[in-house]
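Enquirer: I have a structure here, written as structure tokens, and I will follow up with some questions on it.
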Amino acid sequence: MEVTCLLLLALIPVHCRGQGVYAPAQAQIAHAGQACVVKEDNISERVYTIREGDTLMLQCLVTGHPRPQVRWTKTAGSASDKFQETSVFNETLRIERVARTQGGRYYCKAENGVGVPAIKSIRVDVQYLDEPVLTVHQTVSDVRGNFYQEKTVFLRCTVNSNPPARFIWKRGSDTLSHSQDNGVDIYEPLYTQGETKVLKLKNLRPQDYASYTCQVSVRNVCGIPDKAITFRLTNTTAPPALKLSVNETLVVNPGENVTVQCLLTGGDPLPQLQWSHGPGPLPLGALAQGGTLTIPSVQARDSGYYNCTATNNVGNPAKKTVNLLVRSMKNATFQITPDVIKESENIQLGQDLKLSCHVDAVPQEKVTYQWFKNGKPARMSKRLLVTRNDPELPAVTSSLELIDLHFSDYGTYLCMASFPGAPVPDLTVEVNISSETVPPAISVPKGRAVVTVREGSPAELQCEVRGKPRPPVLWSRVDKEAVLLPSGLLLEETPDGKLRLERVSRDMSGTYRCQTARYNGFNVRPREAQVQLNVQFPPEVEPSSQDVRQALGRPVLLRCSLLRGSPQRIASAAWRFKGQLLPPPPVVPPAAEAPDHAELLLDALTRDSSGSYECSVSNDVGSATCLFQVSAKAYSPEFYFDTPNPTRSHKLSKNYSYVLQWTQREPDAVDPVLSYRLSVRQLNQHNAMVKAIPVRRVEKGQLLEYILTDLRVPHSYEIRLTPYTTFGAGDMASRIIHYTEPINSPNLSDNTCHFEDEKICGYTQDLTDNFDWTRQNALTQNPKRSPNTGPPTDISGTPEGYYMFIETSRPRELGDRARLVSPLYNASAKFYCVSFFYHMYGKHIGSLNLLVRSRNKGALDTHAWSLSGNKGNVWQQAHVPISPSGPFQIIFEGVRGSGYLGDIAIDDVTLKKGECPRKQMDPNKVVVMPGSGAPRQSSPRLWGPVALFLLALQR
């Protein structure tokens, strides 16, 4: 069904097309960055090639109604369908300084809720060429005993590049190849990283001692220049050799100054030395100068492996390693092991008992242990044994075994660990053995098995340990989903059995295990208990915010639902309208306990009941709010972006029209739309033109249309469109429209090129001429340009209007030519007419020629029109008939005259089918320039003819 909508003044109607305007998204990818080349490969996929470090810019050109939303994603390559980078929601994807790792396949996904999403992809190939690396290797093998030695040298050149690099080997300035020198072999080895070429010098000869250059090239792809590296081979060339001034394992005391020297014993050319530390960087304060490494006031944290590496690109790098050990001791612990044979967990007279002592030390094996009983050194006997390195205990652990425990063995035992002769403090640990020494027991205090706290508050989980001695308590989580403690550890030790948590969160809820440690207590099966932590948090509701539309007089039901919370129930709900508390809803029946939602029913929507509603839901811990914006306002219009040729240029003026089309979003959700308020404002200006557009009932999917006229080229405008119902103004939609210069299609629609767009209607500069045409207007022209030549403005007389001209000042010379070439057109008619305005003012004007380039069999240029000499400071129009025999282009050729006062300009070029007007414009009938006092030519008004034409179409 089509509806005719009268507009203001009934000049230009609004068209309302029937259902079917909504269209699924369509997409295609275009590049707008610094591409080297876009090509089609053998499997018909697009490849976008770009140099590393340039700007990658991809545009997803979409069609469909409503306007599709765009999402960019990337995979590393065409074989993978898993996105590996963050998505970008924008029609243009821009990456500054693109890196090689950002190459791969990029996907543009466009969707608008109609049909299936459109997905297009493009493969981005990032080109690069690194500096080559040249290394030298040699082999020496005995042949025929010791009478003869053959020495072979390999020069290996490696580089990373994309595309694969081409290698050229040179000796001096001469290029090497197999065919020219039998002593040379060039090949590509297997199993190498990067691209590699090897130059093999077989059985070295005197002439082989020379400078060798490896030159790599990607054949100037993306403008990447060749790179090269040179190595001089002599009879003294040798790989590096090193020796250390200290032993490979160096043990020092904390606080000492450590100096290690790495001495070169060979290598030509002179190797470079470098120190490194593992793991991590060199310590703060460490100084590496050449082969000398100095670490002042060394600390235990500075222990580790220090590597000295010498490289000169000959053979393999030489490497020496020093294992620096700074003496230290920490963490003295003990264990009590009852009789293992009888599997007892208690200390009993007549059974065996073992006490074990361990410290963490560097170096671990240098630690010595001493045992004392009641303050005196323990005497070894048949019943008192001291062992070291018990296989059941950590390395370098001392154990004191008591055989057949007697009452006299009760007492206090002390284990002392020390570094003999080193200034490192001793560590001691004390164990009391008596009838009161009993294994541990662990339990949760009464009332502490379940701990309930609110989110954000501190919490304390507690386990009590009994026994003597009392071991520390180890805490862990039982839940399979969360295995780590809030501290990020698997196990956390607490000496008092209390696990303290600061600012608990809901993900900390769950079961926690406490258990006894094996050290500093009995070495028996751990005792354990569990504590349940419940974290209460405020409710989460939906919808957090909802826009509710309804026609006036109809009921509205608002529902606020509980998604999650602890406790998982609604304790109370309160409704507010515009901030004022509403009467409570009916009491929930007892059968419906623990409700999970709250509702509010509006019997009939009115203007007074329209507005903001809030539902505050509480669960005794906190509250959350659902927001509802209830109104009878119409939804916003949805602009139609796929209008074919929305911009229409007006001949002989610098005005243009724009076909604005839209649909109404969900028109049946509220009362019928009665009219639209249209606001048109030129960008960078405050004043706006406002019109009312009355309409009849608008159905979903109907396409409405309005023609904006008298828009100034090349300005852009902000359009605001607001629907009106009986309720009043609805939601406004806005968009920016831009003037776009028409580009003639190969089939030649009748378009006029004003040169207002930088693309200049698809015209290009001829590469075979002497100089180029220039695009400018009165605002961009050179203020110091030559006087008394060239036009002050374009044909419209406005300072913003653009035109094309030739600048004939230096370095231009007599006879220099500039050519402007049109797009290629298909000849679908016998006759065509080329119309254009020209401006030829100046003392030294040369010639303006119009040529036709036929593309039937090769390119053939023929003259169609020519004019020379000064024609005055006026714009004049020419109509030139042409009759091409096949595909063709038109060419505007400007020829420089005898001097610099010879600027020639053209504007408003039209190419249309058919013959030219029989009555040619009188050359004396001119368009007078502004400011001359003569009357200006008025712009024709097209509203009347257009309105009649559109009304005829509707019938």
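In the structure tokens, each chain is lettered A, B, ... as it comes, each chain's residues begin at 1, and ligands are numbered from 1 in order of appearance.
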Excluding same-chain residues fewer than 3 positions from segment 790-797 of chain A, what lies within 10 Å of it counting only C-alpha atoms, as a compact mmCIF listing (two decimals) with N, CA, C and O atoms, in the first residue's frame?

Expert:
```
# COMPACT_ATOMS: atom_id res chain seq x y z
N LEU A 652 24.00 24.94 -13.47
CA LEU A 652 24.22 26.38 -13.47
C LEU A 652 24.12 27.00 -12.08
O LEU A 652 23.89 28.19 -11.94
N SER A 653 24.24 26.19 -11.04
CA SER A 653 24.23 26.74 -9.69
C SER A 653 25.08 25.87 -8.80
O SER A 653 25.49 24.77 -9.19
N LYS A 654 25.36 26.37 -7.64
CA LYS A 654 26.13 25.60 -6.67
C LYS A 654 25.22 25.09 -5.56
O LYS A 654 25.62 24.98 -4.42
N ASN A 655 23.98 24.76 -5.90
CA ASN A 655 23.04 24.16 -4.97
C ASN A 655 22.91 22.68 -5.28
O ASN A 655 23.19 22.23 -6.40
N VAL A 713 26.56 23.72 -2.06
CA VAL A 713 27.75 22.93 -2.35
C VAL A 713 28.96 23.67 -1.79
O VAL A 713 29.08 24.89 -1.98
N HIS A 754 31.12 19.19 -10.59
CA HIS A 754 31.46 20.53 -10.13
C HIS A 754 32.87 20.58 -9.53
O HIS A 754 33.29 21.64 -9.07
N PHE A 755 33.54 19.43 -9.43
CA PHE A 755 34.89 19.34 -8.84
C PHE A 755 34.90 19.75 -7.37
O PHE A 755 35.92 20.21 -6.85
N GLN A 776 41.13 24.03 -6.78
CA GLN A 776 41.18 25.05 -5.75
C GLN A 776 39.88 25.86 -5.76
O GLN A 776 39.06 25.74 -6.67
N ASN A 777 39.70 26.68 -4.71
CA ASN A 777 38.62 27.65 -4.68
C ASN A 777 39.18 28.97 -4.19
O ASN A 777 40.40 29.10 -3.96
N ALA A 778 38.30 29.94 -4.01
CA ALA A 778 38.77 31.28 -3.62
C ALA A 778 39.40 31.28 -2.24
O ALA A 778 40.20 32.16 -1.93
N LEU A 779 39.06 30.28 -1.39
CA LEU A 779 39.59 30.24 -0.04
C LEU A 779 40.95 29.56 0.02
O LEU A 779 41.71 29.79 0.96
N GLN A 781 43.16 29.40 -2.75
CA GLN A 781 44.12 29.85 -3.76
C GLN A 781 45.25 30.65 -3.11
O GLN A 781 45.09 31.23 -2.04
N ARG A 785 49.29 34.78 -5.90
CA ARG A 785 49.26 34.30 -7.27
C ARG A 785 49.33 35.49 -8.24
O ARG A 785 49.07 36.65 -7.87
N SER A 786 49.61 35.18 -9.48
CA SER A 786 49.78 36.23 -10.49
C SER A 786 48.48 37.00 -10.68
O SER A 786 47.42 36.39 -10.84
N PRO A 787 48.52 38.33 -10.66
CA PRO A 787 47.29 39.11 -10.89
C PRO A 787 46.91 39.11 -12.37
O PRO A 787 47.71 38.73 -13.23
N GLU A 800 33.40 29.20 -1.62
CA GLU A 800 33.63 27.79 -1.27
C GLU A 800 33.72 26.89 -2.51
O GLU A 800 34.17 25.76 -2.42
N GLY A 801 33.21 27.36 -3.65
CA GLY A 801 33.12 26.51 -4.83
C GLY A 801 34.47 26.23 -5.46
O GLY A 801 35.33 27.11 -5.60
N TYR A 802 34.68 24.99 -5.88
CA TYR A 802 35.95 24.57 -6.46
C TYR A 802 35.89 24.57 -7.99
O TYR A 802 34.80 24.45 -8.59
N TYR A 803 37.06 24.66 -8.60
CA TYR A 803 37.21 24.53 -10.05
C TYR A 803 38.60 23.96 -10.30
O TYR A 803 39.44 23.86 -9.39
N MET A 804 38.87 23.58 -11.57
CA MET A 804 40.18 23.06 -11.96
C MET A 804 40.88 24.11 -12.82
O MET A 804 40.24 24.75 -13.68
N PHE A 805 42.19 24.30 -12.59
CA PHE A 805 42.91 25.28 -13.40
C PHE A 805 44.36 24.84 -13.57
O PHE A 805 44.85 23.93 -12.87
N ILE A 806 45.04 25.48 -14.53
CA ILE A 806 46.46 25.23 -14.74
C ILE A 806 47.22 26.48 -14.28
O ILE A 806 46.85 27.61 -14.61
N GLU A 807 48.27 26.28 -13.50
CA GLU A 807 49.14 27.35 -13.02
C GLU A 807 50.31 27.45 -13.98
O GLU A 807 51.10 26.51 -14.12
N PHE A 837 32.06 24.83 -18.60
CA PHE A 837 32.39 26.24 -18.52
C PHE A 837 33.90 26.38 -18.52
O PHE A 837 34.61 25.57 -17.91
N TYR A 838 34.38 27.44 -19.20
CA TYR A 838 35.82 27.70 -19.24
C TYR A 838 36.07 29.16 -18.91
O TYR A 838 35.22 30.03 -19.11
N HIS A 839 37.27 29.41 -18.38
CA HIS A 839 37.69 30.77 -18.03
C HIS A 839 39.11 30.94 -18.56
O HIS A 839 40.03 30.25 -18.11
N MET A 840 39.26 31.85 -19.56
CA MET A 840 40.55 32.05 -20.21
C MET A 840 40.86 33.54 -20.19
O MET A 840 40.53 34.28 -21.12
N TYR A 841 41.46 33.97 -19.08
CA TYR A 841 41.72 35.40 -18.89
C TYR A 841 43.20 35.58 -18.55
O TYR A 841 43.71 34.97 -17.61
N GLY A 842 43.87 36.42 -19.35
CA GLY A 842 45.27 36.73 -19.10
C GLY A 842 45.98 37.12 -20.38
O GLY A 842 45.57 36.77 -21.51
N ILE A 845 47.53 33.84 -22.38
CA ILE A 845 46.73 32.62 -22.47
C ILE A 845 47.19 31.78 -23.66
O ILE A 845 47.37 32.29 -24.78
N GLY A 872 38.75 37.14 -21.74
CA GLY A 872 38.18 38.04 -20.74
C GLY A 872 37.97 37.38 -19.40
O GLY A 872 38.00 36.15 -19.26
N ASN A 873 37.73 38.25 -18.39
CA ASN A 873 37.57 37.77 -17.01
C ASN A 873 36.13 37.33 -16.78
O ASN A 873 35.41 37.90 -15.96
N VAL A 874 35.69 36.32 -17.55
CA VAL A 874 34.32 35.82 -17.48
C VAL A 874 34.34 34.30 -17.66
O VAL A 874 35.26 33.74 -18.26
N TRP A 875 33.31 33.67 -17.08
CA TRP A 875 33.09 32.25 -17.36
C TRP A 875 32.20 32.15 -18.59
O TRP A 875 31.17 32.83 -18.68
N GLN A 876 32.55 31.28 -19.53
CA GLN A 876 31.76 31.05 -20.72
C GLN A 876 31.52 29.55 -20.86
O GLN A 876 32.29 28.73 -20.37
N LEU A 901 51.12 34.93 -17.29
CA LEU A 901 49.74 35.42 -17.18
C LEU A 901 48.85 34.61 -18.13
O LEU A 901 48.29 35.15 -19.09
N GLY A 902 48.77 33.30 -17.85
CA GLY A 902 48.05 32.44 -18.78
C GLY A 902 47.28 31.32 -18.12
O GLY A 902 47.16 30.23 -18.68
N ASP A 903 46.73 31.58 -16.90
CA ASP A 903 45.99 30.53 -16.19
C ASP A 903 44.66 30.26 -16.88
O ASP A 903 43.91 31.19 -17.23
N ILE A 904 44.35 28.98 -17.08
CA ILE A 904 43.11 28.54 -17.72
C ILE A 904 42.35 27.68 -16.71
O ILE A 904 42.94 26.87 -16.01
N ALA A 905 41.00 27.85 -16.64
CA ALA A 905 40.20 27.10 -15.67
C ALA A 905 38.98 26.50 -16.36
O ALA A 905 38.51 27.01 -17.39
N ILE A 906 38.48 25.39 -15.77
CA ILE A 906 37.25 24.76 -16.24
C ILE A 906 36.39 24.43 -15.03
O ILE A 906 36.89 24.29 -13.91
N ASP A 907 35.08 24.29 -15.24
CA ASP A 907 34.15 23.96 -14.15
C ASP A 907 32.87 23.40 -14.76
O ASP A 907 32.58 23.60 -15.96
N ASP A 908 32.09 22.69 -13.92
CA ASP A 908 30.77 22.16 -14.26
C ASP A 908 30.78 21.44 -15.61
O ASP A 908 30.18 21.89 -16.60
N VAL A 927 28.59 34.64 -17.99
CA VAL A 927 28.26 34.67 -16.56
C VAL A 927 29.15 35.73 -15.92
O VAL A 927 30.37 35.57 -15.86
N VAL A 928 28.55 36.81 -15.46
CA VAL A 928 29.32 37.94 -14.94
C VAL A 928 29.83 37.62 -13.54
O VAL A 928 29.12 37.01 -12.72
N MET A 929 31.04 37.97 -13.26
CA MET A 929 31.65 37.69 -11.97
C MET A 929 31.04 38.58 -10.89
O MET A 929 30.62 39.70 -11.16
N PRO A 930 30.97 38.11 -9.66
CA PRO A 930 30.42 38.91 -8.57
C PRO A 930 31.18 40.21 -8.39
O PRO A 930 32.39 40.27 -8.62
N GLY A 931 30.44 41.23 -7.99
CA GLY A 931 31.07 42.51 -7.71
C GLY A 931 31.16 43.43 -8.89
O GLY A 931 31.67 44.55 -8.79
N ARG A 936 22.96 39.03 -11.37
CA ARG A 936 23.43 37.63 -11.35
C ARG A 936 22.34 36.73 -11.89
O ARG A 936 21.16 36.98 -11.74
N GLN A 937 22.77 35.64 -12.47
CA GLN A 937 21.83 34.65 -12.98
C GLN A 937 21.22 33.91 -11.80
O GLN A 937 21.93 33.41 -10.94
N SER A 939 19.24 31.02 -9.61
CA SER A 939 19.18 29.55 -9.64
C SER A 939 17.77 29.13 -9.97
O SER A 939 16.80 29.64 -9.43
```

Enquirer: So that I can see what lies close to Lys480 of chain A, please list as a PDB file with C-alpha atoms, in the first residue's frame the residues with an atom at most 12 Å from it, counting only C-alpha atoms and leaving out residues fewer than 4 positions away in the same chain.

Expert:
```
ATOM      1  CA  SER A 476      43.180 -24.584  51.518  1.00  0.00           C
ATOM      2  CA  LEU A 484      43.157 -20.936  45.051  1.00  0.00           C
ATOM      3  CA  LEU A 485      42.778 -19.022  48.275  1.00  0.00           C
ATOM      4  CA  GLY A 510      32.628 -21.936  49.732  1.00  0.00           C
ATOM      5  CA  THR A 511      34.257 -24.582  51.902  1.00  0.00           C
ATOM      6  CA  TYR A 512      37.707 -24.089  53.430  1.00  0.00           C
TER       7      TYR A 512
END
```

Enquirer: Quick one: everything within 9 Å of Val251 of chain A, counting only C-alpha atoms, minus sequence neighbours fewer than 4 positions away in the same chain. Send it as a PyMOL selection string.

Expert: chain A and resi 323-327+362-363

Enquirer: Next, the residues of the selection above should be written as a tab-separated table (two decimals), in the first residue's frame with all heavy atoms.

Expert:
```tsv
chain	number	residue	atom	x	y	z
A	323	ASN	N	78.31	-20.03	38.79
A	323	ASN	CA	77.22	-20.25	39.72
A	323	ASN	C	77.58	-19.56	41.03
A	323	ASN	O	78.39	-20.05	41.80
A	323	ASN	CB	76.99	-21.74	39.94
A	323	ASN	CG	75.80	-22.01	40.85
A	323	ASN	OD1	75.01	-21.10	41.12
A	323	ASN	ND2	75.69	-23.22	41.34
A	324	LEU	N	76.97	-18.39	41.26
A	324	LEU	CA	77.28	-17.59	42.44
A	324	LEU	C	76.35	-18.01	43.57
A	324	LEU	O	75.13	-17.92	43.45
A	324	LEU	CB	77.11	-16.10	42.13
A	324	LEU	CG	77.37	-15.15	43.29
A	324	LEU	CD1	78.83	-15.24	43.75
A	324	LEU	CD2	77.02	-13.72	42.90
A	325	LEU	N	76.93	-18.47	44.67
A	325	LEU	CA	76.18	-18.88	45.84
A	325	LEU	C	76.53	-17.96	47.01
A	325	LEU	O	77.69	-17.89	47.42
A	325	LEU	CB	76.50	-20.34	46.22
A	325	LEU	CG	76.21	-21.39	45.13
A	325	LEU	CD1	76.64	-22.77	45.59
A	325	LEU	CD2	74.73	-21.39	44.76
A	326	VAL	N	75.55	-17.21	47.49
A	326	VAL	CA	75.74	-16.34	48.65
A	326	VAL	C	75.20	-17.07	49.87
A	326	VAL	O	74.01	-17.42	49.93
A	326	VAL	CB	75.00	-15.00	48.45
A	326	VAL	CG1	75.26	-14.08	49.64
A	326	VAL	CG2	75.44	-14.33	47.15
A	327	ARG	N	76.08	-17.32	50.83
A	327	ARG	CA	75.70	-18.13	51.99
A	327	ARG	C	74.50	-17.51	52.72
A	327	ARG	O	74.47	-16.32	53.00
A	327	ARG	CB	76.86	-18.27	52.96
A	327	ARG	CG	78.02	-19.11	52.43
A	327	ARG	CD	79.07	-19.33	53.50
A	327	ARG	NE	80.17	-20.16	53.01
A	327	ARG	CZ	81.30	-19.68	52.50
A	327	ARG	NH1	81.46	-18.36	52.43
A	327	ARG	NH2	82.24	-20.49	52.08
A	362	VAL	N	71.93	-21.96	51.53
A	362	VAL	CA	72.73	-21.85	50.31
A	362	VAL	C	74.18	-21.68	50.75
A	362	VAL	O	74.48	-20.71	51.47
A	362	VAL	CB	72.29	-20.64	49.45
A	362	VAL	CG1	73.21	-20.51	48.23
A	362	VAL	CG2	70.85	-20.77	49.00
A	363	PRO	N	75.07	-22.60	50.35
A	363	PRO	CA	74.79	-23.88	49.67
A	363	PRO	C	74.25	-24.91	50.66
A	363	PRO	O	74.77	-25.02	51.78
A	363	PRO	CB	76.14	-24.27	49.09
A	363	PRO	CG	77.14	-23.62	49.98
A	363	PRO	CD	76.51	-22.36	50.49
```

Enquirer: Tell me which protein, DNA and RNA residues are within 8 Å of Val556 of chain A, counting only C-alpha atoms, leaving out same-chain ones fewer than 6 positions away, and put them as a PyMOL selection string.

Expert: chain A and resi 550+601-605

Enquirer: How about saving the chosen residues, all heavy atoms kept, as a CSV table (one decimal), in the first residue's frame?

Expert:
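Saved result, again-v1.csv, follows:
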```
chain,number,residue,atom,x,y,z
A,550,GLN,N,3.9,2.5,25.2
A,550,GLN,CA,2.5,2.0,25.0
A,550,GLN,C,1.6,3.2,24.6
A,550,GLN,O,1.9,4.3,24.9
A,550,GLN,CB,2.0,1.5,26.4
A,550,GLN,CG,0.7,0.8,26.4
A,550,GLN,CD,0.6,-0.4,25.4
A,550,GLN,OE1,0.4,-0.2,24.2
A,550,GLN,NE2,0.7,-1.6,26.0
A,601,LEU,N,1.1,-2.8,38.1
A,601,LEU,CA,0.2,-2.8,37.0
A,601,LEU,C,-0.4,-1.4,36.9
A,601,LEU,O,-1.0,-0.9,37.9
A,601,LEU,CB,-0.9,-3.8,37.1
A,601,LEU,CG,-2.0,-3.8,36.1
A,601,LEU,CD1,-1.4,-4.1,34.7
A,601,LEU,CD2,-3.1,-4.8,36.4
A,602,LEU,N,-0.3,-0.8,35.7
A,602,LEU,CA,-0.9,0.5,35.4
A,602,LEU,C,-2.2,0.2,34.6
A,602,LEU,O,-2.0,-0.3,33.4
A,602,LEU,CB,0.0,1.5,34.7
A,602,LEU,CG,1.4,1.8,35.4
A,602,LEU,CD1,2.2,2.7,34.5
A,602,LEU,CD2,1.1,2.4,36.7
A,603,ASP,N,-3.3,0.5,35.0
A,603,ASP,CA,-4.6,0.1,34.3
A,603,ASP,C,-4.7,0.8,33.0
A,603,ASP,O,-5.1,0.1,32.0
A,603,ASP,CB,-5.8,0.4,35.2
A,603,ASP,CG,-5.8,-0.4,36.5
A,603,ASP,OD1,-5.3,-1.5,36.4
A,603,ASP,OD2,-6.4,0.1,37.5
A,604,ALA,N,-4.3,2.0,32.9
A,604,ALA,CA,-4.4,2.7,31.6
A,604,ALA,C,-3.4,3.9,31.6
A,604,ALA,O,-3.3,4.7,32.5
A,604,ALA,CB,-5.8,3.3,31.4
A,605,LEU,N,-2.6,3.9,30.6
A,605,LEU,CA,-1.5,4.9,30.5
A,605,LEU,C,-2.1,6.2,30.1
A,605,LEU,O,-2.9,6.3,29.2
A,605,LEU,CB,-0.4,4.4,29.5
A,605,LEU,CG,0.7,5.4,29.3
A,605,LEU,CD1,1.6,5.5,30.6
A,605,LEU,CD2,1.6,4.9,28.1
```

Enquirer: Tell me which protein, DNA and RNA residues are within 7 Å of His863 of chain A, counting only C-alpha atoms, leaving out same-chain ones fewer than 2 positions away, and put them as a PDB file with N, CA and C atoms, in the first residue's frame.

Expert:
```
ATOM      1  N   LEU A 850      39.933  20.045 -26.103  1.00  0.00           N
ATOM      2  CA  LEU A 850      39.136  18.895 -25.679  1.00  0.00           C
ATOM      3  C   LEU A 850      39.439  17.752 -26.627  1.00  0.00           C
ATOM      4  N   LEU A 851      39.925  16.634 -26.079  1.00  0.00           N
ATOM      5  CA  LEU A 851      40.270  15.469 -26.883  1.00  0.00           C
ATOM      6  C   LEU A 851      39.378  14.304 -26.486  1.00  0.00           C
ATOM      7  N   VAL A 852      39.188  13.397 -27.409  1.00  0.00           N
ATOM      8  CA  VAL A 852      38.448  12.164 -27.160  1.00  0.00           C
ATOM      9  C   VAL A 852      39.408  11.001 -27.384  1.00  0.00           C
ATOM     10  N   ASP A 861      43.865   9.339 -29.572  1.00  0.00           N
ATOM     11  CA  ASP A 861      43.348  10.638 -29.168  1.00  0.00           C
ATOM     12  C   ASP A 861      43.019  11.472 -30.407  1.00  0.00           C
ATOM     13  N   TRP A 865      37.675  19.858 -29.905  1.00  0.00           N
ATOM     14  CA  TRP A 865      37.395  21.283 -29.704  1.00  0.00           C
ATOM     15  C   TRP A 865      38.674  21.961 -29.249  1.00  0.00           C
TER      16      TRP A 865
END
```

Enquirer: For segment 207-216 of chain A, list every protein, DNA or RNA residue within 7 Å, evaluated using only C-alpha atoms, and leave out those in the same chain fewer than 6 positions away; present the list as a ChimeraX atom specification.

Expert: /A:157,165-172,226-235

Enquirer: Could you please take those selected residues and save C-alpha atoms as a PDB file, in the first residue's frame?

Expert:
```
ATOM      1  CA  CYS A 157      73.388 -15.561   5.952  1.00  0.00           C
ATOM      2  CA  ALA A 165      63.960 -12.684   0.388  1.00  0.00           C
ATOM      3  CA  ARG A 166      66.288 -13.178  -2.558  1.00  0.00           C
ATOM      4  CA  PHE A 167      69.975 -13.611  -1.684  1.00  0.00           C
ATOM      5  CA  ILE A 168      72.983 -12.380  -3.649  1.00  0.00           C
ATOM      6  CA  TRP A 169      76.514 -13.289  -2.571  1.00  0.00           C
ATOM      7  CA  LYS A 170      79.440 -11.055  -3.562  1.00  0.00           C
ATOM      8  CA  ARG A 171      83.193 -11.333  -3.186  1.00  0.00           C
ATOM      9  CA  GLY A 172      84.331  -7.735  -3.204  1.00  0.00           C
ATOM     10  CA  ASP A 226      67.633  -3.999  -0.194  1.00  0.00           C
ATOM     11  CA  LYS A 227      69.824  -4.658   2.831  1.00  0.00           C
ATOM     12  CA  ALA A 228      73.330  -6.052   3.057  1.00  0.00           C
ATOM     13  CA  ILE A 229      75.998  -7.158   5.523  1.00  0.00           C
ATOM     14  CA  THR A 230      79.722  -7.658   4.880  1.00  0.00           C
ATOM     15  CA  PHE A 231      82.342  -9.916   6.530  1.00  0.00           C
ATOM     16  CA  ARG A 232      86.079  -9.932   5.847  1.00  0.00           C
ATOM     17  CA  LEU A 233      87.593 -13.423   5.851  1.00  0.00           C
ATOM     18  CA  THR A 234      91.337 -13.652   6.628  1.00  0.00           C
ATOM     19  CA  ASN A 235      93.794 -16.421   7.436  1.00  0.00           C
TER      20      ASN A 235
END
```

Enquirer: Going by DSSP on the backbone, which bits of segment 531-631 of chain A are strand (DSSP E)? Write them as number ranges by chain, please.

Expert: A: 531-542, 545-549, 556-566, 572-577, 580-581, 597-602, 611-618, 623-631

Enquirer: Could you pull the residues within 7 Å of segment 373-375 of chain A, counting only C-alpha atoms, minus those fewer than 2 positions along the same chain, as a count of residues only?

Expert: 7

Enquirer: For the helix (DSSP H, G or I) assignment from backbone DSSP, which residues of segment 504-696 of chain A qualify? Please present them as an NGL selection string.

Expert: :A and (506-508 or 667-669)

Enquirer: Which of these, A:Thr259, A:Val314, A:Gly223, A:Ala417, has the shortest distance to His137 of chain A once you count only C-alpha atoms?

Expert: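 Selected residue with least distance to His137 of chain A: A:Val314.
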
Enquirer: Measuring between only C-alpha atoms, which one of A:Tyr48, A:Phe334, A:Phe892, A:Tyr106 shows the shortest distance to Phe522 of chain A?

Expert: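 Distance minimum relative to Phe522 of chain A lands on A:Phe334.
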
Enquirer: Smallest atom-to-atom distance to Val524 of chain A: which of A:Thr774, A:Asn346, A:Ser505, A:Asn432, using only C-alpha atoms?

Expert: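 Of A:Thr774, A:Asn346, A:Ser505, A:Asn432, the one nearest Val524 of chain A, counting only C-alpha atoms, is A:Asn346.
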
Enquirer: Rank nothing, just name the residue among A:Thr175, A:Tyr128, A:Leu581, A:Pro281 nearest to Val159 of chain A, using only C-alpha atoms.

Expert: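 Residue with the minimum atom-to-atom distance to Val159 of chain A: A:Tyr128.
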